[in-house]
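Visitor: Hey, dropping data-v6.txt in here, compact mmCIF, N, CA and C atoms:
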# COMPACT_ATOMS: atom_id res chain seq x y z
N VAL A 1 115.34 95.57 77.68
CA VAL A 1 115.74 96.77 76.96
C VAL A 1 114.51 97.45 76.35
N ILE A 2 113.60 96.67 75.78
CA ILE A 2 112.40 97.24 75.16
C ILE A 2 111.56 97.95 76.21
N PHE A 3 111.38 97.30 77.39
CA PHE A 3 110.59 97.93 78.45
C PHE A 3 111.22 99.25 78.88
N GLU A 4 112.55 99.28 79.00
CA GLU A 4 113.23 100.51 79.39
C GLU A 4 113.02 101.61 78.37
N GLU A 5 113.03 101.26 77.08
CA GLU A 5 112.79 102.25 76.03
C GLU A 5 111.37 102.78 76.09
N ILE A 6 110.41 101.89 76.29
CA ILE A 6 109.01 102.31 76.39
C ILE A 6 108.82 103.19 77.62
N ALA A 7 109.40 102.76 78.74
CA ALA A 7 109.29 103.55 79.97
C ALA A 7 109.90 104.93 79.76
N GLN A 8 111.02 105.01 79.09
CA GLN A 8 111.66 106.30 78.84
C GLN A 8 110.79 107.17 77.94
N GLN A 9 110.15 106.58 76.93
CA GLN A 9 109.25 107.34 76.05
C GLN A 9 108.07 107.90 76.85
N VAL A 10 107.54 107.08 77.74
CA VAL A 10 106.42 107.54 78.58
C VAL A 10 106.89 108.69 79.46
N MET A 11 108.07 108.54 80.05
CA MET A 11 108.59 109.58 80.94
C MET A 11 108.87 110.87 80.17
N ASP A 12 109.35 110.74 78.95
CA ASP A 12 109.69 111.92 78.15
C ASP A 12 108.47 112.63 77.58
N SER A 13 107.38 111.93 77.44
CA SER A 13 106.19 112.50 76.81
C SER A 13 105.56 113.58 77.68
N THR A 14 105.41 114.77 77.11
CA THR A 14 104.71 115.84 77.82
C THR A 14 103.49 116.31 77.06
N ILE A 15 103.20 115.66 75.93
CA ILE A 15 102.06 116.04 75.10
C ILE A 15 100.75 115.94 75.88
N MET A 16 100.64 114.92 76.74
CA MET A 16 99.38 114.67 77.44
C MET A 16 99.42 115.12 78.90
N VAL A 17 100.32 116.04 79.22
CA VAL A 17 100.44 116.49 80.61
C VAL A 17 99.13 117.06 81.14
N HIS A 18 98.32 117.65 80.26
CA HIS A 18 97.04 118.20 80.73
C HIS A 18 96.18 117.14 81.41
N LYS A 19 96.40 115.87 81.05
CA LYS A 19 95.64 114.79 81.68
C LYS A 19 96.05 114.60 83.14
N THR A 20 97.18 115.13 83.53
CA THR A 20 97.62 114.97 84.91
C THR A 20 96.92 115.93 85.86
N ASP A 21 96.15 116.87 85.30
CA ASP A 21 95.39 117.81 86.14
C ASP A 21 94.17 117.08 86.70
N LEU A 22 94.41 116.27 87.71
CA LEU A 22 93.38 115.39 88.25
C LEU A 22 92.26 116.15 88.95
N GLU A 23 92.57 117.33 89.49
CA GLU A 23 91.53 118.12 90.16
C GLU A 23 90.76 119.00 89.18
N GLY A 24 91.27 119.13 87.96
CA GLY A 24 90.61 119.96 86.95
C GLY A 24 90.70 121.44 87.24
N ASP A 25 91.73 121.86 87.97
CA ASP A 25 91.86 123.27 88.35
C ASP A 25 92.89 124.03 87.51
N GLY A 26 93.39 123.39 86.44
CA GLY A 26 94.36 124.06 85.58
C GLY A 26 95.77 124.07 86.13
N VAL A 27 96.01 123.32 87.21
CA VAL A 27 97.32 123.26 87.83
C VAL A 27 97.71 121.79 87.96
N VAL A 28 98.94 121.48 87.64
CA VAL A 28 99.44 120.12 87.78
C VAL A 28 100.44 120.10 88.93
N THR A 29 100.10 119.38 89.98
CA THR A 29 101.02 119.24 91.11
C THR A 29 102.02 118.12 90.80
N GLU A 30 103.08 118.10 91.56
CA GLU A 30 104.05 117.01 91.40
C GLU A 30 103.37 115.67 91.66
N ALA A 31 102.50 115.64 92.68
CA ALA A 31 101.79 114.39 93.01
C ALA A 31 100.90 113.97 91.84
N ASP A 32 100.18 114.92 91.23
CA ASP A 32 99.35 114.60 90.06
C ASP A 32 100.20 113.99 88.95
N PHE A 33 101.33 114.65 88.65
CA PHE A 33 102.20 114.23 87.56
C PHE A 33 102.76 112.84 87.80
N VAL A 34 103.28 112.61 89.02
CA VAL A 34 103.88 111.31 89.34
C VAL A 34 102.82 110.22 89.26
N LEU A 35 101.65 110.47 89.83
CA LEU A 35 100.58 109.47 89.81
C LEU A 35 100.17 109.15 88.38
N TYR A 36 99.98 110.18 87.57
CA TYR A 36 99.58 109.97 86.18
C TYR A 36 100.63 109.15 85.44
N LYS A 37 101.90 109.49 85.63
CA LYS A 37 102.97 108.75 84.94
C LYS A 37 103.03 107.30 85.42
N LEU A 38 102.85 107.06 86.70
CA LEU A 38 102.84 105.68 87.20
C LEU A 38 101.69 104.89 86.59
N LEU A 39 100.52 105.52 86.48
CA LEU A 39 99.39 104.86 85.84
C LEU A 39 99.65 104.63 84.36
N GLU A 40 100.20 105.64 83.70
CA GLU A 40 100.48 105.54 82.27
C GLU A 40 101.48 104.42 81.98
N MET A 41 102.46 104.26 82.86
CA MET A 41 103.47 103.21 82.68
C MET A 41 102.98 101.87 83.21
N GLN A 42 101.79 101.85 83.75
CA GLN A 42 101.19 100.66 84.36
C GLN A 42 102.05 100.11 85.48
N ALA A 43 102.73 101.01 86.18
CA ALA A 43 103.54 100.63 87.33
C ALA A 43 102.65 100.38 88.56
N VAL A 44 101.48 101.00 88.56
CA VAL A 44 100.46 100.76 89.58
C VAL A 44 99.14 100.64 88.85
N GLY A 45 98.21 99.91 89.46
CA GLY A 45 96.90 99.74 88.86
C GLY A 45 95.91 100.78 89.36
N GLU A 46 94.89 101.04 88.56
CA GLU A 46 93.86 102.01 88.95
C GLU A 46 93.13 101.57 90.20
N ASP A 47 92.93 100.25 90.38
CA ASP A 47 92.25 99.76 91.59
C ASP A 47 93.04 100.10 92.84
N LEU A 48 94.36 99.94 92.77
CA LEU A 48 95.21 100.27 93.91
C LEU A 48 95.13 101.76 94.22
N VAL A 49 95.22 102.58 93.19
CA VAL A 49 95.16 104.03 93.37
C VAL A 49 93.80 104.42 93.96
N GLN A 50 92.73 103.83 93.45
CA GLN A 50 91.38 104.13 93.95
C GLN A 50 91.25 103.73 95.42
N GLY A 51 91.80 102.57 95.77
CA GLY A 51 91.74 102.12 97.16
C GLY A 51 92.50 103.05 98.09
N ILE A 52 93.67 103.48 97.66
CA ILE A 52 94.46 104.41 98.47
C ILE A 52 93.73 105.74 98.60
N SER A 53 93.13 106.20 97.51
CA SER A 53 92.38 107.46 97.53
C SER A 53 91.19 107.37 98.49
N GLU A 54 90.49 106.27 98.46
CA GLU A 54 89.35 106.08 99.37
C GLU A 54 89.81 106.06 100.82
N TYR A 55 90.95 105.41 101.08
CA TYR A 55 91.49 105.37 102.44
C TYR A 55 91.87 106.78 102.90
N PHE A 56 92.46 107.55 102.01
CA PHE A 56 92.79 108.94 102.32
C PHE A 56 91.51 109.69 102.71
N GLY A 57 90.45 109.47 101.95
CA GLY A 57 89.18 110.14 102.24
C GLY A 57 88.64 109.78 103.61
N GLN A 58 88.85 108.54 104.04
CA GLN A 58 88.41 108.13 105.37
C GLN A 58 89.22 108.84 106.46
N LEU A 59 90.51 109.02 106.20
CA LEU A 59 91.36 109.70 107.18
C LEU A 59 91.10 111.20 107.23
N ASP A 60 90.72 111.77 106.10
CA ASP A 60 90.50 113.22 105.96
C ASP A 60 89.14 113.58 106.56
N SER A 61 89.10 113.65 107.89
CA SER A 61 87.83 113.84 108.60
C SER A 61 87.14 115.16 108.25
N GLY A 62 87.90 116.18 107.91
CA GLY A 62 87.31 117.47 107.58
C GLY A 62 86.94 117.61 106.11
N GLY A 63 87.39 116.69 105.28
CA GLY A 63 87.08 116.74 103.86
C GLY A 63 87.80 117.85 103.11
N GLU A 64 88.91 118.37 103.65
CA GLU A 64 89.64 119.46 103.00
C GLU A 64 90.65 118.98 101.97
N GLY A 65 90.86 117.67 101.89
CA GLY A 65 91.86 117.16 100.97
C GLY A 65 93.27 117.17 101.55
N THR A 66 93.35 117.33 102.87
CA THR A 66 94.64 117.31 103.56
C THR A 66 94.49 116.47 104.82
N LEU A 67 95.61 116.03 105.36
CA LEU A 67 95.62 115.31 106.62
C LEU A 67 96.43 116.12 107.62
N GLU A 68 95.82 116.41 108.76
CA GLU A 68 96.53 117.17 109.78
C GLU A 68 97.33 116.22 110.66
N ILE A 69 98.64 116.40 110.63
CA ILE A 69 99.53 115.54 111.40
C ILE A 69 99.32 115.80 112.88
N GLY A 70 99.19 114.74 113.62
CA GLY A 70 98.95 114.83 115.05
C GLY A 70 97.47 114.81 115.39
N VAL A 71 96.62 114.97 114.39
CA VAL A 71 95.17 114.94 114.60
C VAL A 71 94.55 113.79 113.81
N GLU A 72 94.73 113.82 112.50
CA GLU A 72 94.14 112.78 111.66
C GLU A 72 95.10 111.61 111.42
N VAL A 73 96.38 111.90 111.47
CA VAL A 73 97.42 110.87 111.39
C VAL A 73 98.46 111.19 112.46
N PRO A 74 99.13 110.16 112.97
CA PRO A 74 100.08 110.40 114.06
C PRO A 74 101.29 111.23 113.64
N SER A 75 101.74 112.06 114.58
CA SER A 75 103.01 112.77 114.40
C SER A 75 104.14 111.77 114.63
N ALA A 76 105.36 112.19 114.41
CA ALA A 76 106.51 111.30 114.65
C ALA A 76 106.56 110.88 116.12
N ALA A 77 106.33 111.82 117.01
CA ALA A 77 106.35 111.49 118.45
C ALA A 77 105.22 110.53 118.81
N GLN A 78 104.04 110.77 118.24
CA GLN A 78 102.91 109.88 118.50
C GLN A 78 103.16 108.50 117.92
N ALA A 79 103.80 108.44 116.75
CA ALA A 79 104.11 107.14 116.14
C ALA A 79 105.06 106.35 117.03
N ARG A 80 106.08 107.05 117.58
CA ARG A 80 107.00 106.38 118.51
C ARG A 80 106.24 105.86 119.72
N GLU A 81 105.35 106.68 120.26
CA GLU A 81 104.55 106.28 121.41
C GLU A 81 103.66 105.09 121.08
N LEU A 82 103.09 105.11 119.90
CA LEU A 82 102.24 103.99 119.47
C LEU A 82 103.03 102.69 119.37
N LEU A 83 104.24 102.78 118.82
CA LEU A 83 105.07 101.59 118.71
C LEU A 83 105.44 101.04 120.09
N LEU A 84 105.71 101.94 121.03
CA LEU A 84 106.01 101.50 122.40
C LEU A 84 104.77 100.87 123.04
N LEU A 85 103.60 101.49 122.82
CA LEU A 85 102.36 100.93 123.34
C LEU A 85 102.11 99.54 122.76
N GLN A 86 102.38 99.40 121.47
CA GLN A 86 102.16 98.11 120.82
C GLN A 86 103.08 97.05 121.43
N GLU A 87 104.32 97.43 121.73
CA GLU A 87 105.24 96.49 122.38
C GLU A 87 104.73 96.09 123.75
N ASP A 88 104.21 97.07 124.51
CA ASP A 88 103.74 96.82 125.87
C ASP A 88 102.40 96.08 125.90
N LYS A 89 101.43 96.61 125.15
CA LYS A 89 100.06 96.10 125.22
C LYS A 89 99.71 95.12 124.11
N GLY A 90 100.46 95.17 123.02
CA GLY A 90 100.06 94.39 121.86
C GLY A 90 98.94 95.13 121.14
N GLY A 91 98.36 94.50 120.18
CA GLY A 91 97.25 95.11 119.47
C GLY A 91 97.68 95.74 118.16
N GLU A 92 96.69 96.17 117.41
CA GLU A 92 96.92 96.79 116.11
C GLU A 92 97.23 98.28 116.29
N LEU A 93 98.16 98.79 115.49
CA LEU A 93 98.53 100.19 115.58
C LEU A 93 97.34 101.11 115.37
N MET A 94 96.48 100.80 114.40
CA MET A 94 95.34 101.68 114.13
C MET A 94 94.36 101.69 115.30
N ASP A 95 94.19 100.56 115.97
CA ASP A 95 93.33 100.53 117.16
C ASP A 95 93.93 101.38 118.27
N LEU A 96 95.24 101.25 118.46
CA LEU A 96 95.92 102.06 119.48
C LEU A 96 95.84 103.54 119.14
N TRP A 97 95.95 103.88 117.85
CA TRP A 97 95.83 105.28 117.42
C TRP A 97 94.42 105.79 117.72
N GLY A 98 93.42 104.96 117.48
CA GLY A 98 92.04 105.34 117.79
C GLY A 98 91.86 105.63 119.28
N GLU A 99 92.46 104.79 120.11
CA GLU A 99 92.40 105.01 121.56
C GLU A 99 93.11 106.31 121.94
N MET A 100 94.26 106.56 121.31
CA MET A 100 95.02 107.77 121.60
C MET A 100 94.20 109.01 121.19
N GLN A 101 93.54 108.93 120.04
CA GLN A 101 92.71 110.05 119.59
C GLN A 101 91.54 110.27 120.55
N ALA A 102 90.92 109.19 121.00
CA ALA A 102 89.79 109.31 121.93
C ALA A 102 90.24 109.96 123.24
N GLU A 103 91.41 109.57 123.74
CA GLU A 103 91.96 110.19 124.96
C GLU A 103 92.19 111.68 124.75
N ALA A 104 92.74 112.03 123.60
CA ALA A 104 93.01 113.44 123.30
C ALA A 104 91.72 114.23 123.23
N ARG A 105 90.67 113.63 122.62
CA ARG A 105 89.37 114.32 122.55
C ARG A 105 88.80 114.54 123.94
N ARG A 106 88.88 113.50 124.79
CA ARG A 106 88.36 113.63 126.16
C ARG A 106 89.12 114.72 126.93
N ALA A 107 90.43 114.75 126.79
CA ALA A 107 91.23 115.78 127.48
C ALA A 107 90.86 117.17 126.96
N LYS A 108 90.69 117.31 125.66
CA LYS A 108 90.33 118.60 125.08
C LYS A 108 88.95 119.04 125.59
N GLU A 109 88.00 118.11 125.63
CA GLU A 109 86.67 118.43 126.13
C GLU A 109 86.71 118.83 127.60
N ALA A 110 87.55 118.17 128.39
CA ALA A 110 87.68 118.51 129.82
C ALA A 110 88.24 119.92 129.98
N VAL A 111 89.24 120.26 129.17
CA VAL A 111 89.81 121.61 129.21
C VAL A 111 88.77 122.64 128.81
N GLN A 112 88.02 122.35 127.75
CA GLN A 112 86.97 123.28 127.31
C GLN A 112 85.90 123.46 128.38
N GLN A 113 85.53 122.37 129.05
CA GLN A 113 84.55 122.44 130.13
C GLN A 113 85.07 123.28 131.29
N ALA A 114 86.33 123.07 131.66
CA ALA A 114 86.93 123.84 132.75
C ALA A 114 87.01 125.32 132.38
N GLU A 115 87.36 125.62 131.13
CA GLU A 115 87.41 127.02 130.69
C GLU A 115 86.03 127.66 130.72
N ALA A 116 85.00 126.92 130.30
CA ALA A 116 83.63 127.45 130.32
C ALA A 116 83.18 127.72 131.76
N GLU A 117 83.52 126.81 132.66
CA GLU A 117 83.16 126.99 134.07
C GLU A 117 83.90 128.19 134.66
N ALA A 118 85.16 128.37 134.31
CA ALA A 118 85.93 129.51 134.80
C ALA A 118 85.35 130.82 134.29
N ARG A 119 84.94 130.84 133.00
CA ARG A 119 84.31 132.06 132.46
C ARG A 119 83.00 132.37 133.17
N ALA A 120 82.21 131.32 133.45
CA ALA A 120 80.94 131.52 134.13
C ALA A 120 81.16 132.04 135.55
N THR A 121 82.14 131.49 136.24
CA THR A 121 82.46 131.93 137.59
C THR A 121 82.94 133.38 137.58
N ALA A 122 83.78 133.72 136.62
CA ALA A 122 84.28 135.10 136.50
C ALA A 122 83.13 136.06 136.21
N ALA A 123 82.20 135.65 135.35
CA ALA A 123 81.06 136.50 135.03
C ALA A 123 80.17 136.71 136.25
N GLU A 124 79.97 135.66 137.03
CA GLU A 124 79.17 135.77 138.26
C GLU A 124 79.85 136.71 139.25
N ALA A 125 81.16 136.57 139.39
CA ALA A 125 81.90 137.41 140.33
C ALA A 125 81.84 138.87 139.88
N GLU A 126 81.95 139.11 138.58
CA GLU A 126 81.87 140.47 138.06
C GLU A 126 80.49 141.07 138.31
N ALA A 127 79.45 140.25 138.12
CA ALA A 127 78.09 140.73 138.37
C ALA A 127 77.91 141.06 139.84
N GLU A 128 78.44 140.25 140.74
CA GLU A 128 78.35 140.51 142.18
C GLU A 128 79.08 141.79 142.54
N ASP A 129 80.28 141.99 141.95
CA ASP A 129 81.06 143.20 142.21
C ASP A 129 80.28 144.44 141.77
N GLU A 130 79.66 144.36 140.61
CA GLU A 130 78.86 145.50 140.11
C GLU A 130 77.67 145.76 141.02
N SER A 131 77.06 144.68 141.51
CA SER A 131 75.92 144.82 142.42
C SER A 131 76.36 145.46 143.73
N ASP A 132 77.50 144.99 144.27
CA ASP A 132 78.03 145.55 145.51
C ASP A 132 78.39 147.03 145.33
N LEU A 133 78.96 147.37 144.20
CA LEU A 133 79.33 148.74 143.89
C LEU A 133 78.09 149.62 143.82
N GLY A 134 77.05 149.08 143.21
CA GLY A 134 75.78 149.83 143.09
C GLY A 134 75.18 150.12 144.46
N GLU A 135 75.31 149.17 145.38
CA GLU A 135 74.77 149.35 146.72
C GLU A 135 75.58 150.38 147.50
N LEU A 136 76.91 150.42 147.26
CA LEU A 136 77.76 151.39 147.93
C LEU A 136 77.43 152.82 147.48
N VAL A 137 77.09 152.96 146.21
CA VAL A 137 76.81 154.28 145.67
C VAL A 137 75.51 154.83 146.25
N LYS A 138 74.58 153.99 146.57
CA LYS A 138 73.29 154.43 147.13
C LYS A 138 73.50 154.98 148.44
What's the structure tokens form of this structure?

Guide:
Amino acid sequence: VIFEEIAQQVMDSTIMVHKTDLEGDGVVTEADFVLYKLLEMQAVGEDLVQGISEYFGQLDSGGEGTLEIGVEVPSAAQARELLLLQEDKGGELMDLWGEMQAEARRAKEAVQQAEAEARATAAEAEAEDESDLGELVK
């Protein structure tokens, strides 16, 4: 009963809400507020929060403070595919995700290479057409 009363007092307290502005931008997000309250109630430890934050930073390859679904973390469809791969091949999900990302990068690079080659071919053909046109005019 005492813990429930203390927890309720912590939840009701809004005097220190400014401390929940973890980014220091004058705005309190729901995530900031929930995290601060969990820490304040000692429902999670600072070490755990720091570890999770560091892991997020590792996943956030662009450093924007967001994770792009399907690129930095699997989409729902990719997660299903990963689980099927794990059943078939075994292995760790994160290793399989790394392989999936590498395949996607290779495919994207191949498409970009093919597009660059197509542009170069089109430019060469256009230059030849202009040259042929110039010869006809003479």

Visitor: Which residue out of A:Asp88, A:Gln78, A:Ser53, A:Gln112 has the minimum interatomic distance to Thr66 (chain A) when only C-alpha atoms are used?

Guide: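 Closest to Thr66 (chain A) of all the choices is A:Ser53.
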
Visitor: Figure out the distance between atom C of Val10 (chain A) and atom C of Glu40 (chain A), please, to one decimal in Å.

Guide: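 That distance, rounded to one decimal, is 7.3 Å.
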
Visitor: Excluding same-chain residues fewer than 5 positions from region 19-26 of chain A, what lies within 8 Å of it counting all atoms listed in the file, as a list of chain:residue names?

Guide: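 So the residues in contact are A:Ala31, A:Asp32, A:Phe33, A:Val34, A:Leu35, A:Tyr36, A:Lys37.
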
Visitor: Please, what is the axis-aligned box for every listed atom of region 36-49 of chain A with 6 Å on each side, as centre and edge lengths in Å to one decimal, as lines of an AutoDock Vina configuration file?

Guide:
center_x = 97.9
center_y = 105.0
center_z = 88.1
size_x = 23.3
size_y = 22.4
size_z = 24.2

Visitor: Report as a VMD selection string all protein, DNA and RNA residues lying within 8 Å of region 58-62 of chain A, evaluated on only N, CA and C atoms, omitting residues in the same chain fewer than 4 positions from it.

Guide: chain A and resid 52 to 54 66 to 68 71 to 73

Visitor: What does the distance from atom N of Leu93 (chain A) to atom C of Pro74 (chain A) come to in Å, to one decimal?

Guide: 13.0 Å
